[in-house]
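Q: Below you will find the structure I want to go over with you.
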Amino acid sequence: MPDRATPGYETVVGLEVHCELSTRTKLFCGCANEFGAEPNTNICPVCLGLPGSLPVLNEKAVEFAMRIGEALHCEILPSIFHRKNYFYPDMPKDYQVSQYDEPINVGGHLELPDGTVVGIVRAHMEEDTGKTTHVGGGGRIHEAEQSLVDYNRAGVPLVEIVSAPDIRSAEQARAYVSELRGILVATRASDGRMEEGSLRVDANISVRPAGSSDYGTRCEVKNLNSLRSLGRAIDYEARRQVELLESGEAVRQETRHWDESASVTHMLRSKEEAYDYRYFPEPDLVPLVPENELRRRASAGIGVLPAERRSHLVSVLGGRDHAAPVMDQVQTVLELSLDGLVASAVHAGADPKHALNRAANELAAQGEKAATLAPESFAALLSLEASGALSATQAKAVLAELVSSGGEPSVVARKLGFEQLADDELSSVIDAVIAGHPEEWERYADGDKKVAGFLMGEVMKATRGRANGKVVAQAFTARLG
Amino acid sequence: MARLARLDLTDDELAALKDELSDLLDHVDRIRRLETHDVPPTAHPLPLTNVFRPDEVAESLERDEVLAAAPASENGRFLVPPVLGEAP
Amino acid sequence: MSASSLLDRGVAAIASAIRTGEARAADLVEEALARVDAGERELHCFQTVTADEARRAAEAVDAAVGRGEDPGPLAGVPIALKDNMCTRGTVTTCSSKILENWIPPYDGTVVARLRSAGALIVGKTNLDEFAMGSSTENSAFGPTRNPWDTSRVPGGSSGGSSAAVAAGYVPVSFGSDTGGSIRQPASLCGVVGIKPTYGRVSRYGLIAFASSLDQIGSFGVTVADATTAFEAIAGHDPHDSTSINLPAPSLAATLGEGVDGLRVGLIEDFLDQVAPACAAASSAAAEALESSGAKCESVSIPEMLLGLPAYYIIAPAEASSNLARYDGVRYGLRVDGPDAEAMNGRTRAAGFGPEVRRRIMIGTYALSAGYYDAYYGQAQKARTLTIRAFDSAYERFDVLLAPTTPSPAFKFGEKTKNPIDMYLSDLCTIPSNLSGHPAVSVPFALDENGLPVGVQVLAPALGESVMLRVAAVLEAAAPGDCRGPVLGPRSSTHA
Ligand SMILES: [Mg+2]
Ligand SMILES: [Zn+2]
């Protein structure tokens with residue numbers, strides 16, 4: 001698919017996603033795996049790399065890694081850990097324990113909502129590093145006067161998921177990360193919170209002439225901490241590479257850094273400067289063999305995956321072949337885990353489109369809390385709205401109140417003053433409005449539908465919005481008679 | 001190699017080391033030339049697998065004690081001269 | 001210091017006298033400290049003497065006895081620990097400037113077990129910096145002298161621990177053995193040194209030199225003492241992934257069972273590589289076992305000679321990674337610099353001595369891109385060949401016999417000019433580290449200079465029981481004057 005941003009070229013992307021696992025403790029020690037703790041309070045001899053300390057593998061982390069492998073359709077294999085040697089102050093041992101040439105999960109795939117299948121090369125286990133803060137020089141790394149290190153994050157378990165270069169646009173890259181995030185959350189292996197650094201993405205980006213099947217020279221872009229950064233960095237980098245090619249220059253293989261504030265990537269190092277990590281098998285750990293009991297426990301913990309939820313929701317909504325905007329709503333509903341609400345409302349008789357609309361718009365606007373709404377409340381509210389007992393405006397207001405404070409829809413409606421007008425009261429208001437605006441009524445009767453809005457507005461004004469628009473419209477039609 | 005090992009050595013020290021290392025490499029040359037077709041490597045003398053710990057929180061160290069042993073610290077963190085560049 | 005002092009009557013006698021209240025730990029510790037005081041000016045076995053702590057531990061032991069409690073199998077036994085084992089609250093230096101003032105915030109597993117066994121830690125002993133060496137001359141804080149002849153080295157790297165036993169300070173001590181660092185100094189000091197099966201004793205809290213080779217073990221005046229000391233520290237530890245999940249072996253009870261019918265192989269490949277006194281001692285040991293009822297045979301295992309070159313790739317490679325953490329950030333020495341990288345480099349250059357630097361460099365090289373397969377990869381395969389050779393030898397033999405060292409104690413400076421001369425000290429001990437098998441050195445003879453010569457008993461994995469039975473028989477057959485303690489340095493003017 002030729003890219004809109006870079007006509008005549010195709011963008012090729014492979015992603016490396018680092019995912020922090022939701023274990024209670026770190027990968028090799030009993031320190032709490034906890035975001036946002038006071039600096040250096042979750043540290044011990046092991047995760048501080050004190051002389052004499054030794055790692056012991058967290059069984060739950062292994063289980064989570066296997067779940068991720070299974071959910072991504074990987075082969076789960078016997079694996080070993082290596083040491084990746086490099087000096088950096090936030091790495092307590094000055095080597096990272098990581099899986100290198102014998103990782104636990106290899107060769108899976110992930111299907112995007114648009115049907116694209118992205119290959120998964122591997123999903124291996126490793127430990128996280130601490131956090132360095134650069135002080136002075138406005139926090140910019142190259143101008144810092146000194147640096148401060150917090151090791152709370154050092155040793156937190158990670159699974160690094162490496163995709164094949166099967167992604168073809170910024171949009172697809174974002175869809176891949178969203179889908180992956182959904183899978184990680186469904187397996188309960190990770191909370192998937194990008195804003196807390198639970199998911200961190202590096203992108204390998206190259207471009208090639210549209211229609212070519214050879215890969216171009218790729219650049220690895222680091223520091224993509226949100227879906228927005230990911231998309232923007234890919235677009236920027238693809239354009240940069242296309243411009244190089246168009247001006248007759250070659251793309252050089254290098255590692256680049258995404259600068260969010262300047263919206264550019266800049267070079268960190270070239271391929272020639274590639275670091276020699278001197279990998280060798282970690283002698284302090286023993287091989288990991290995915291025995292049946294481990295496999296069984298890992299599988300048992302996997303919840304319903306997003307793809308399955310998606311196809312279920314689509315079938316609830318009346319089957320396949322939905323238009324793109326509908327699929328966007330479906331995606332929103334899935335991401336906020338509102339699909340159960342939609343399905344139960346539909347089963348209780350709600351119109352599928354109506355349920356999806358309210359869920360993807362009004363409920364979604366309430367954020368994460370929306371998922372706490374009781375399914376029967378949602379169904380009851382939709383039915384009140386459908387019967388005309390509540391106007392659309394009123395229904396939305398009730399919905400917001402239900403999410404924030406709970407309660408029973410009809411009670412909440414009454415509390416908000418949305419009690420339905422008595423039929424005779426509405427009837428006399430309509431009569432009075434017709435009597436008060438004879439000219440307009442005449443034009444309406446002659447078929448000028450534009451004036452209907454004005455008349456409706458007058459009725460609403462007189463009833464302070466308590467009238468149901470549908471009922472009023474029916475009444476107008478009846479009076480033409 | 002000294003840079004990879006983070007040893008800031010003088011030229012004289014480096015020169016002396018270079019000679020010693022080449023002697024040593026001659027000495028272990030036998031290993032390099034060993035016929036090892038079909039011989040698997042041994043990383044570990046014990047045939048152990050699957051050694052785990054349960055995911056249970058254990059007590060961490062006292063931060064003050066740890067930082068008191070550090071060459072420098074500030075605001076609960078380890079203080080180091082500016083770190084130039086990102087991790088490789 | 002009379003020879004009948006309780007301190008010289010062995011671990012079992014001490015623990016029993018303390019447990020029954022016949023003797024007080026407080027008195028015993030004073031006696032041990034007095035000996036340390038008298039000998040240290042000359043010997044320098046200790047990096048740190050922990051007198052106050054030992055006295056407090058002694059009081060606690062006496063108080064426990066007073067309350068009718070059992071203070072443990074090493075009740076009131078003064079011991080010494082190699083200064084590469086983490087002791088909470090007591091400086092642990094690894095005999096390196098880079099850790100000169102480092103006080104661990106935790107006890108290693110062995111240390112914790114010894115404390116709870118009622119042992120009294122008298123001090124932390126000197127070693128070759130980061131256990132890299134065979135003479136303790138590589139200590140950043142000066143060498144230890146051999147109590148048999150103070151112009152000679154005690155061996156290494158656990159030279160301080162072996163000398164502390166040989167000097168009669170303590171009946172038992174603890175060291176670590178990566179390529180022979182317990183057995184070689186035991187041989188040079190005329191004491192017993194046990195290197196257990198890899199994984200028998202927890203490495204948690206042992207400052208790593210080469211993780212896949214390091215193993216903590218014990219020194220003792222006698223096989224029985226070294227065995228009791230080993231029993232106190234052995235057994236599974238959940239903090240060490242490479243710890244064998246088996247209960248601690250019970251060995252003391254079977255020590256006296258003799259060697260009748262045992263098949264013993266004398267490894268002949270070492271014999272023409274070592275000094276005549278050392279070769280003669282191991283041949284004599286084979287004869288002694290034969291006359292005690294064992295069946296001895298010579299056996300050639302040429303792969304044994306692959307050990308040294310394989311070791312001098314594997315150990316430095318692992319060390320280069322293990323020692324990366326000494327970067328001046330979290331603990332230990334820092335030499336400042338304009339940026340973190342410069343600070344790291346200056347700290348490490350200033351903090352590590354020449355031998356440590358040498359090994360870091362060779363290890364970095366052996367692991368680096370383009371050389372890994374030729375060096376580290378090949379050495380790992382040589383390791384496989386060594387293990388296979390042992391395995392097939394143990395199909396025919398219950399234990400193997402070999403010299404412990406190529407020579408008795410050598411003079412200071414004799415082997416420091418050429419690193420490879422020093423490395424050869426470990427020729428006969430290294431194969432057991434590569435295979436992870438247990439081995440013990442027992443004093444068995446005196447050379448023409450009156451220096452002790454040890455012989456080595458090697459056994460298959462978890463074969464400590466049969467190995468120590470053989471050692472006990474050798475001990476009984478050995479002349480009494482070839483083993484310590486040497487109360488007061490025996491000589492400083494030997495030719
Ligand atoms: Mg990684
Ligand atoms: Zn920890």
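Just so we're on the same page: first chain in the structure tokens is A, next is B, and so on; residues restart at 1 for each chain, and ligands are numbered from 1 in the order they show up.
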Counting only C-alpha atoms and all ligand atoms, name the residues that have an atom within 12 Å of an atom of ligand 2; the answer should be given as a PyMOL selection string.
A: (chain A and resi 24-34+40-50+53-58+92+127+130+151-157) or (chain B and resi 56-62) or (chain C and resi 239)
Q: For chain C, list the residues within 7 Å of chain A, counting only C-alpha atoms, and write the list as JSON, numbers by chain.
A: {"C": [86, 204, 205, 206, 207, 208, 211, 212, 239, 240, 241, 242, 321, 324, 325, 329, 367, 368, 369]}
Q: Restrict the selected residues to N, CA, C and O atoms and save them as a compact mmCIF listing (two decimals), in the first residue's frame.
A:
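Saved the output as result12.txt:
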```txt
# COMPACT_ATOMS: atom_id res chain seq x y z
N CYS C 86 30.27 -12.30 52.20
CA CYS C 86 29.62 -11.12 52.75
C CYS C 86 29.19 -11.33 54.20
O CYS C 86 28.48 -12.29 54.52
N TYR C 204 25.40 -17.92 47.60
CA TYR C 204 24.78 -16.63 47.91
C TYR C 204 25.60 -15.90 48.97
O TYR C 204 25.77 -16.40 50.08
N GLY C 205 26.11 -14.75 48.60
CA GLY C 205 26.95 -13.99 49.52
C GLY C 205 28.44 -14.22 49.31
O GLY C 205 29.26 -13.61 49.98
N LEU C 206 28.78 -15.10 48.40
CA LEU C 206 30.18 -15.28 48.00
C LEU C 206 30.43 -14.34 46.83
O LEU C 206 29.76 -14.43 45.79
N ILE C 207 31.38 -13.44 46.99
CA ILE C 207 31.62 -12.47 45.92
C ILE C 207 32.19 -13.22 44.72
O ILE C 207 33.22 -13.88 44.81
N ALA C 208 31.48 -13.15 43.61
CA ALA C 208 31.76 -14.01 42.47
C ALA C 208 33.10 -13.68 41.81
O ALA C 208 33.44 -12.52 41.60
N SER C 211 31.44 -17.64 38.16
CA SER C 211 30.24 -18.21 38.77
C SER C 211 30.06 -19.71 38.54
O SER C 211 29.55 -20.40 39.40
N SER C 212 30.44 -20.20 37.36
CA SER C 212 30.16 -21.61 37.08
C SER C 212 31.23 -22.51 37.67
O SER C 212 31.16 -23.74 37.54
N HIS C 239 18.15 -19.28 47.70
CA HIS C 239 18.69 -18.02 47.15
C HIS C 239 19.74 -18.25 46.08
O HIS C 239 20.27 -17.29 45.51
N ASP C 240 20.10 -19.50 45.85
CA ASP C 240 21.10 -19.82 44.83
C ASP C 240 20.47 -20.81 43.85
O ASP C 240 20.21 -21.96 44.20
N SER C 241 20.23 -20.36 42.63
CA SER C 241 19.57 -21.21 41.63
C SER C 241 20.38 -22.44 41.30
O SER C 241 19.86 -23.42 40.79
N THR C 242 21.69 -22.38 41.54
CA THR C 242 22.55 -23.52 41.20
C THR C 242 22.81 -24.41 42.40
O THR C 242 23.68 -25.27 42.37
N SER C 321 32.66 -10.20 33.34
CA SER C 321 31.27 -9.79 33.50
C SER C 321 30.92 -9.59 34.98
O SER C 321 30.30 -8.59 35.36
N ALA C 324 32.10 -6.29 36.35
CA ALA C 324 31.67 -5.05 35.70
C ALA C 324 30.98 -4.12 36.70
O ALA C 324 31.06 -2.90 36.59
N ARG C 325 30.32 -4.72 37.68
CA ARG C 325 29.50 -3.93 38.60
C ARG C 325 30.32 -2.98 39.48
O ARG C 325 29.76 -2.08 40.09
N VAL C 329 29.46 3.52 41.11
CA VAL C 329 28.14 4.16 41.20
C VAL C 329 27.45 3.88 42.54
O VAL C 329 27.00 4.80 43.22
N LEU C 367 35.26 -13.08 25.00
CA LEU C 367 33.81 -13.02 24.77
C LEU C 367 33.45 -12.10 23.60
O LEU C 367 32.29 -12.04 23.19
N SER C 368 34.43 -11.39 23.09
CA SER C 368 34.08 -10.34 22.14
C SER C 368 33.74 -10.91 20.77
O SER C 368 34.13 -12.02 20.42
N ALA C 369 32.98 -10.10 20.05
CA ALA C 369 32.48 -10.54 18.74
C ALA C 369 33.66 -10.96 17.87
O ALA C 369 34.68 -10.30 17.81
```
Q: Taking only C-alpha atoms into account, which residues of chain C are within 6 Å of chain B, as a PyMOL selection string?
A: chain C and resi 212+241+309+330-331+339-340+345-346+348-349+374-375+380-381+384+435-436
Q: Do a neighbour search on Gly39 in chain C at 12 Å with only C-alpha atoms, toss out local chain neighbours closer than 5 positions, and write the hits as a PyMOL selection string.
A: chain C and resi 32-34+44-46+144-147+150+163-169+486-490
Q: Chain A near ligand 1 within 7 Å: what's each residue's closest atom pair and its distance in Å to one decimal, counting only C-alpha atoms and all ligand atoms, ordered by chain then ascending residue number, as a tab-separated table?
A:
```
residue	atom	partner	partner_atom_place_in_ligand_line	distance
A:Ser98	CA	ligand 1	1 (Mg)	6.9
A:Glu126	CA	ligand 1	1 (Mg)	6.7
A:Glu160	CA	ligand 1	1 (Mg)	6.0
```
Q: Any chance you can output those residues with all heavy atoms as a CSV table (one decimal), in the first residue's frame?
A:
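Dumped everything to out04.csv:
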```
chain,number,residue,atom,x,y,z
A,98,SER,N,19.1,-11.4,30.0
A,98,SER,CA,18.1,-11.4,28.9
A,98,SER,C,18.2,-12.7,28.1
A,98,SER,O,19.2,-13.4,28.2
A,98,SER,CB,18.4,-10.2,27.9
A,98,SER,OG,17.6,-10.2,26.8
A,126,GLU,N,13.4,-10.7,29.9
A,126,GLU,CA,14.6,-10.0,30.4
A,126,GLU,C,14.2,-9.1,31.5
A,126,GLU,O,13.1,-8.9,31.9
A,126,GLU,CB,15.2,-9.2,29.2
A,126,GLU,CG,14.3,-8.1,28.6
A,126,GLU,CD,14.9,-7.4,27.4
A,126,GLU,OE1,15.7,-8.1,26.7
A,126,GLU,OE2,14.6,-6.3,27.2
A,160,GLU,N,10.0,-8.9,25.9
A,160,GLU,CA,10.3,-8.1,24.7
A,160,GLU,C,9.7,-8.8,23.5
A,160,GLU,O,10.1,-9.9,23.2
A,160,GLU,CB,11.8,-7.8,24.5
A,160,GLU,CG,12.0,-7.0,23.2
A,160,GLU,CD,13.5,-6.6,23.0
A,160,GLU,OE1,14.3,-6.7,23.9
A,160,GLU,OE2,13.8,-6.3,21.8
```
Q: Counting only C-alpha atoms, which residue out of A:Arg252, A:Lys222, A:Arg193, A:Arg174 sits closest to chain B?
A: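 Counting only C-alpha atoms, the residue closest to chain B is A:Lys222.
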Q: Using the chain letters and numbers from this document, which residues of chain B does DSSP assign to strand (DSSP E or B), as a VMD selection string?
A: chain B and resid 52 to 53 73 to 74 77 to 80
Q: Using only C-alpha atoms, which of the listed residues (C:Asp37, C:Glu53, C:Glu448, C:Asp327) sits closest to Gly351 in chain C?
A: C:Asp327
Q: Measuring atom to atom with only C-alpha atoms, identify which of A:Asp235, A:Glu20, A:Glu220, A:Glu442 is nearest to Asp191 in chain A.
A: A:Glu20
Q: Set the distance at 8 Å and use only C-alpha atoms: which residues neighbour range 399-402 of chain C once local chain neighbours fewer than 2 positions away are removed? I'd like the list as a PyMOL selection string.
A: chain C and resi 262-268+270+282+286+394+397+404+428+455-460+466-467
Q: So that I have them on file, write out the residues from the current selection with N, CA and C atoms, as a PDB file, in the first residue's frame.
A:
```pdb
ATOM      1  N   LEU C 262      37.550 -50.619  47.658  1.00  0.00           N
ATOM      2  CA  LEU C 262      37.345 -49.458  46.774  1.00  0.00           C
ATOM      3  C   LEU C 262      38.307 -49.513  45.587  1.00  0.00           C
ATOM      4  N   ARG C 263      37.830 -49.054  44.442  1.00  0.00           N
ATOM      5  CA  ARG C 263      38.676 -49.008  43.251  1.00  0.00           C
ATOM      6  C   ARG C 263      39.235 -47.594  43.118  1.00  0.00           C
ATOM      7  N   VAL C 264      40.541 -47.471  43.135  1.00  0.00           N
ATOM      8  CA  VAL C 264      41.208 -46.164  43.124  1.00  0.00           C
ATOM      9  C   VAL C 264      42.069 -46.044  41.870  1.00  0.00           C
ATOM     10  N   GLY C 265      41.900 -44.946  41.134  1.00  0.00           N
ATOM     11  CA  GLY C 265      42.723 -44.718  39.945  1.00  0.00           C
ATOM     12  C   GLY C 265      43.698 -43.579  40.204  1.00  0.00           C
ATOM     13  N   LEU C 266      44.984 -43.827  39.999  1.00  0.00           N
ATOM     14  CA  LEU C 266      45.989 -42.758  40.140  1.00  0.00           C
ATOM     15  C   LEU C 266      46.182 -42.115  38.764  1.00  0.00           C
ATOM     16  N   ILE C 267      45.817 -40.853  38.656  1.00  0.00           N
ATOM     17  CA  ILE C 267      45.923 -40.160  37.361  1.00  0.00           C
ATOM     18  C   ILE C 267      47.394 -39.955  37.029  1.00  0.00           C
ATOM     19  N   GLU C 268      47.869 -40.640  35.994  1.00  0.00           N
ATOM     20  CA  GLU C 268      49.317 -40.591  35.746  1.00  0.00           C
ATOM     21  C   GLU C 268      49.739 -39.388  34.899  1.00  0.00           C
ATOM     22  N   PHE C 270      49.484 -36.310  35.335  1.00  0.00           N
ATOM     23  CA  PHE C 270      50.071 -35.178  36.058  1.00  0.00           C
ATOM     24  C   PHE C 270      51.491 -35.476  36.536  1.00  0.00           C
ATOM     25  N   SER C 282      51.897 -38.729  45.752  1.00  0.00           N
ATOM     26  CA  SER C 282      50.654 -39.346  45.284  1.00  0.00           C
ATOM     27  C   SER C 282      50.839 -40.835  44.996  1.00  0.00           C
ATOM     28  N   ALA C 286      48.809 -43.905  46.876  1.00  0.00           N
ATOM     29  CA  ALA C 286      48.174 -45.049  46.237  1.00  0.00           C
ATOM     30  C   ALA C 286      48.594 -46.341  46.939  1.00  0.00           C
ATOM     31  N   TYR C 394      35.145 -42.737  36.009  1.00  0.00           N
ATOM     32  CA  TYR C 394      34.364 -43.152  37.183  1.00  0.00           C
ATOM     33  C   TYR C 394      33.512 -44.391  36.917  1.00  0.00           C
ATOM     34  N   PHE C 397      36.444 -46.521  38.346  1.00  0.00           N
ATOM     35  CA  PHE C 397      37.006 -46.212  39.659  1.00  0.00           C
ATOM     36  C   PHE C 397      35.984 -45.506  40.551  1.00  0.00           C
ATOM     37  N   THR C 404      48.158 -32.637  44.452  1.00  0.00           N
ATOM     38  CA  THR C 404      47.347 -31.418  44.549  1.00  0.00           C
ATOM     39  C   THR C 404      48.009 -30.284  43.782  1.00  0.00           C
ATOM     40  N   CYS C 428      46.644 -29.316  38.505  1.00  0.00           N
ATOM     41  CA  CYS C 428      46.023 -30.577  38.941  1.00  0.00           C
ATOM     42  C   CYS C 428      44.664 -30.375  39.608  1.00  0.00           C
ATOM     43  N   VAL C 455      48.152 -34.559  48.885  1.00  0.00           N
ATOM     44  CA  VAL C 455      47.657 -35.344  47.750  1.00  0.00           C
ATOM     45  C   VAL C 455      46.159 -35.081  47.635  1.00  0.00           C
ATOM     46  N   GLN C 456      45.680 -35.317  46.436  1.00  0.00           N
ATOM     47  CA  GLN C 456      44.304 -34.951  46.140  1.00  0.00           C
ATOM     48  C   GLN C 456      43.465 -36.219  45.890  1.00  0.00           C
ATOM     49  N   VAL C 457      42.307 -36.277  46.529  1.00  0.00           N
ATOM     50  CA  VAL C 457      41.346 -37.336  46.250  1.00  0.00           C
ATOM     51  C   VAL C 457      40.188 -36.699  45.490  1.00  0.00           C
ATOM     52  N   LEU C 458      39.890 -37.268  44.318  1.00  0.00           N
ATOM     53  CA  LEU C 458      38.810 -36.730  43.484  1.00  0.00           C
ATOM     54  C   LEU C 458      37.683 -37.756  43.421  1.00  0.00           C
ATOM     55  N   ALA C 459      36.442 -37.264  43.413  1.00  0.00           N
ATOM     56  CA  ALA C 459      35.300 -38.181  43.378  1.00  0.00           C
ATOM     57  C   ALA C 459      34.259 -37.642  42.410  1.00  0.00           C
ATOM     58  N   PRO C 460      33.342 -38.501  41.976  1.00  0.00           N
ATOM     59  CA  PRO C 460      32.278 -38.008  41.095  1.00  0.00           C
ATOM     60  C   PRO C 460      31.313 -37.097  41.850  1.00  0.00           C
ATOM     61  N   VAL C 466      32.450 -41.029  49.990  1.00  0.00           N
ATOM     62  CA  VAL C 466      33.551 -41.962  49.715  1.00  0.00           C
ATOM     63  C   VAL C 466      34.874 -41.209  49.642  1.00  0.00           C
ATOM     64  N   MET C 467      34.846 -40.011  49.104  1.00  0.00           N
ATOM     65  CA  MET C 467      36.064 -39.202  48.986  1.00  0.00           C
ATOM     66  C   MET C 467      36.682 -38.940  50.360  1.00  0.00           C
TER      67      MET C 467
END
```
Q: Near Asp62 in chain C, within 10 Å and counting only C-alpha atoms, which residues show up once chain neighbours fewer than 3 positions away are dropped, as a list in words?
A: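 Using only C-alpha atoms, the neighbours found are Ile18, Arg19, Gly21, Ala23, Arg24, Ala25, Ala26, Arg56, Ala57, Ala58, Glu59, Val65, Gly66, Arg67, Gly68, Glu69, Pro71, Ala75, Gly76 and Gly118 of chain C.
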Q: To one decimal place, how far is CA of Cys296 in chain C from CA of Leu468 in chain C in Å?
A: 16.8 Å
